[in-house]
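Participant: Here it is, the structure in full.
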Amino acid sequence: MKFRTLEHRLEGNAIRRVKRAARCIKVLNGTVDNWPTVDRVEVNSMSLSRAAMVVSGLLIASMSLAGQGDKEMDAATARQKIIDLNKMWGKARVAFDKDTFEKTLAPDFYAEIDGKKQSRKDFIEEILRQNPDLKFLRFDVNVLTVHKNGDHWDAVIAEKLEAEGKGRDGKQHHLYSYWITRDGWKQQADNNWQALYTIAAGYENWLDKKPPIVGWDA
């Protein structure tokens, strides 16, 4: 709230200064002749070119301040869209939904894990591979950060995965996995969003022990 108040004050001051400088130009051009004496003194000390520069500079500053709300709104809209896309993706992962994989991943999509790139085809084949002794229970995503990167959006996310099944020892086990990735998302010409890439920043796995991650069950 404090930042918004300051922004409004700055924007208001900028607009008032723009109007004042504009009036200066009118006086210098002879289009206004009834200003108070104190304003005439100020106007006479300001050259036409300088007044024009002031107006130009303040207009740019005012437009920049006014544009901050639009940028925030755009980012908020993109964040919500990416949250919704990840909810859909999480359900598809648990269901091994190939149609959703094909629809969601862009033609030139790639995955990068431990510095090694994986093609779209190889990635889809890998996430479709099912272990008959293992049941996929959970694939939840928390969107941490979202920012514009050229023609698309970058999102840093946290993935929580859980599965259970019989191990090589013949016993039942519960598996946990936590991933941090940077994903690229783009709204295509048909208005559908697709993933351009996913790059793993880090991950860790646990067996029969809940991860020491705050809010794991949330």
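Residues in the structure tokens are named by chain (A, B, ... in the order shown) and by number from 1 within that chain; ligands are numbered from 1 in the order shown.
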Quick one: residues within 12 Å of segment 166-182 of chain A, only C-alpha atoms, excluding same-chain residues fewer than 3 positions away - as a PyMOL selection string?
Facilitator: chain A and resi 110-114+131-147+149+153-163+185+195-214+216-217
Participant: For a test of reading the model, state the distance in Å between atom CA of Phe101 of chain A and atom CA of Lys148 of chain A, rounded to one decimal.
Facilitator: 23.7 Å
Participant: Which of segment 110-154 of chain A end up as alpha helix (DSSP H) when DSSP is run on this backbone - answer as a list of chain:residue names?
Facilitator: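 Here is the list: A:Arg120, A:Lys121, A:Asp122, A:Phe123, A:Ile124, A:Glu125, A:Glu126, A:Ile127, A:Leu128.
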Participant: Go ahead and dump the residues you just picked, C-alpha atoms, as a tab-separated table (two decimals), in the first residue's frame.
Facilitator:
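For reference, part_11.tsv as written:
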```
chain	number	residue	atom	x	y	z
A	120	ARG	CA	10.38	-33.84	-26.54
A	121	LYS	CA	9.95	-37.38	-27.88
A	122	ASP	CA	12.31	-38.94	-25.33
A	123	PHE	CA	10.78	-36.94	-22.49
A	124	ILE	CA	7.24	-38.07	-23.32
A	125	GLU	CA	8.37	-41.68	-23.63
A	126	GLU	CA	10.05	-41.50	-20.23
A	127	ILE	CA	7.10	-40.00	-18.33
A	128	LEU	CA	4.75	-42.51	-19.97
```
Participant: Could you give me, as a PyMOL selection string, each residue of segment 61-212 of chain A that DSSP assigns to strand (DSSP E) when run on this structure's backbone?
Facilitator: chain A and resi 105-113+116-119+134-149+152-166+172-187+193-207
Participant: Could you write those residues out with C-alpha atoms, as a PDB file, in the first residue's frame?
Facilitator:
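Saved to result_38.pdb:
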```
ATOM      1  CA  LEU A 105       4.498 -29.580 -24.914  1.00  0.00           C
ATOM      2  CA  ALA A 106       5.590 -27.341 -27.806  1.00  0.00           C
ATOM      3  CA  PRO A 107       7.058 -29.039 -30.919  1.00  0.00           C
ATOM      4  CA  ASP A 108      10.592 -27.926 -29.993  1.00  0.00           C
ATOM      5  CA  PHE A 109      10.194 -28.609 -26.255  1.00  0.00           C
ATOM      6  CA  TYR A 110      13.201 -29.976 -24.389  1.00  0.00           C
ATOM      7  CA  ALA A 111      14.036 -31.050 -20.846  1.00  0.00           C
ATOM      8  CA  GLU A 112      17.392 -30.556 -19.164  1.00  0.00           C
ATOM      9  CA  ILE A 113      18.465 -32.567 -16.126  1.00  0.00           C
ATOM     10  CA  LYS A 116      21.888 -33.190 -20.222  1.00  0.00           C
ATOM     11  CA  LYS A 117      19.179 -32.244 -22.728  1.00  0.00           C
ATOM     12  CA  GLN A 118      16.323 -34.540 -23.572  1.00  0.00           C
ATOM     13  CA  SER A 119      14.153 -34.191 -26.664  1.00  0.00           C
ATOM     14  CA  LEU A 134       4.799 -48.827  -8.474  1.00  0.00           C
ATOM     15  CA  LYS A 135       1.732 -46.591  -8.089  1.00  0.00           C
ATOM     16  CA  PHE A 136       2.093 -42.885  -8.797  1.00  0.00           C
ATOM     17  CA  LEU A 137       0.201 -41.053  -6.041  1.00  0.00           C
ATOM     18  CA  ARG A 138       1.038 -37.380  -6.256  1.00  0.00           C
ATOM     19  CA  PHE A 139       2.382 -34.696  -8.548  1.00  0.00           C
ATOM     20  CA  ASP A 140       1.715 -31.258  -7.042  1.00  0.00           C
ATOM     21  CA  VAL A 141       3.269 -27.987  -8.113  1.00  0.00           C
ATOM     22  CA  ASN A 142       3.848 -24.694  -6.304  1.00  0.00           C
ATOM     23  CA  VAL A 143       4.625 -21.787  -8.619  1.00  0.00           C
ATOM     24  CA  LEU A 144       7.330 -19.729  -6.905  1.00  0.00           C
ATOM     25  CA  THR A 145       8.288 -16.960  -9.329  1.00  0.00           C
ATOM     26  CA  VAL A 146       7.056 -15.759 -12.714  1.00  0.00           C
ATOM     27  CA  HIS A 147       8.707 -13.207 -14.994  1.00  0.00           C
ATOM     28  CA  LYS A 148       8.629 -12.182 -18.657  1.00  0.00           C
ATOM     29  CA  ASN A 149      11.511 -13.495 -20.755  1.00  0.00           C
ATOM     30  CA  HIS A 152       7.451 -16.086 -23.207  1.00  0.00           C
ATOM     31  CA  TRP A 153       7.220 -16.438 -19.430  1.00  0.00           C
ATOM     32  CA  ASP A 154       9.702 -18.138 -17.129  1.00  0.00           C
ATOM     33  CA  ALA A 155       8.344 -19.828 -14.018  1.00  0.00           C
ATOM     34  CA  VAL A 156      10.404 -21.312 -11.201  1.00  0.00           C
ATOM     35  CA  ILE A 157       8.370 -24.076  -9.593  1.00  0.00           C
ATOM     36  CA  ALA A 158       8.584 -26.674  -6.832  1.00  0.00           C
ATOM     37  CA  GLU A 159       7.285 -30.172  -7.596  1.00  0.00           C
ATOM     38  CA  LYS A 160       6.201 -32.653  -4.932  1.00  0.00           C
ATOM     39  CA  LEU A 161       6.018 -36.275  -6.081  1.00  0.00           C
ATOM     40  CA  GLU A 162       4.958 -39.384  -4.176  1.00  0.00           C
ATOM     41  CA  ALA A 163       4.630 -43.027  -5.142  1.00  0.00           C
ATOM     42  CA  GLU A 164       4.378 -46.374  -3.395  1.00  0.00           C
ATOM     43  CA  GLY A 165       5.059 -49.929  -4.370  1.00  0.00           C
ATOM     44  CA  LYS A 166       7.059 -53.074  -3.874  1.00  0.00           C
ATOM     45  CA  GLN A 172       6.252 -52.119   0.334  1.00  0.00           C
ATOM     46  CA  HIS A 173       7.883 -48.703   0.252  1.00  0.00           C
ATOM     47  CA  HIS A 174       6.820 -45.081  -0.017  1.00  0.00           C
ATOM     48  CA  LEU A 175       8.866 -42.839  -2.275  1.00  0.00           C
ATOM     49  CA  TYR A 176       9.106 -39.046  -2.090  1.00  0.00           C
ATOM     50  CA  SER A 177      10.730 -36.679  -4.552  1.00  0.00           C
ATOM     51  CA  TYR A 178      11.168 -32.902  -4.568  1.00  0.00           C
ATOM     52  CA  TRP A 179      12.199 -30.909  -7.629  1.00  0.00           C
ATOM     53  CA  ILE A 180      12.927 -27.269  -8.381  1.00  0.00           C
ATOM     54  CA  THR A 181      12.683 -26.458 -12.084  1.00  0.00           C
ATOM     55  CA  ARG A 182      12.602 -23.432 -14.374  1.00  0.00           C
ATOM     56  CA  ASP A 183       9.926 -23.821 -17.027  1.00  0.00           C
ATOM     57  CA  GLY A 184       9.242 -21.717 -20.093  1.00  0.00           C
ATOM     58  CA  TRP A 185       5.617 -21.105 -21.090  1.00  0.00           C
ATOM     59  CA  LYS A 186       4.322 -19.315 -24.176  1.00  0.00           C
ATOM     60  CA  GLN A 187       0.887 -18.304 -25.400  1.00  0.00           C
ATOM     61  CA  TRP A 193      -0.304 -22.081 -23.906  1.00  0.00           C
ATOM     62  CA  GLN A 194       2.535 -24.569 -24.350  1.00  0.00           C
ATOM     63  CA  ALA A 195       5.663 -25.461 -22.436  1.00  0.00           C
ATOM     64  CA  LEU A 196       8.885 -24.619 -24.263  1.00  0.00           C
ATOM     65  CA  TYR A 197      11.319 -26.255 -21.854  1.00  0.00           C
ATOM     66  CA  THR A 198      11.879 -27.476 -18.326  1.00  0.00           C
ATOM     67  CA  ILE A 199      15.295 -27.155 -16.694  1.00  0.00           C
ATOM     68  CA  ALA A 200      15.944 -28.876 -13.384  1.00  0.00           C
ATOM     69  CA  ALA A 201      17.797 -26.687 -10.889  1.00  0.00           C
ATOM     70  CA  GLY A 202      17.867 -29.383  -8.229  1.00  0.00           C
ATOM     71  CA  TYR A 203      16.112 -32.431  -6.840  1.00  0.00           C
ATOM     72  CA  GLU A 204      16.223 -34.880  -3.938  1.00  0.00           C
ATOM     73  CA  ASN A 205      14.609 -38.261  -3.221  1.00  0.00           C
ATOM     74  CA  TRP A 206      13.615 -39.970   0.022  1.00  0.00           C
ATOM     75  CA  LEU A 207      12.562 -43.546   0.771  1.00  0.00           C
TER      76      LEU A 207
END
```
Participant: Would you compute the distance between atom CA of Gly90 of chain A and atom CA of Asp190 of chain A? Give it in Å to one decimal.
Facilitator: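 Atom CA of Asp190 of chain A lies at a distance of 23.2 Å from atom CA of Gly90 of chain A.
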Participant: One number please: atom CA of Asp97 of chain A to atom CA of Asn192 of chain A, in Å, one decimal.
Facilitator: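 Atom CA of Asn192 of chain A lies 18.1 Å from atom CA of Asp97 of chain A.
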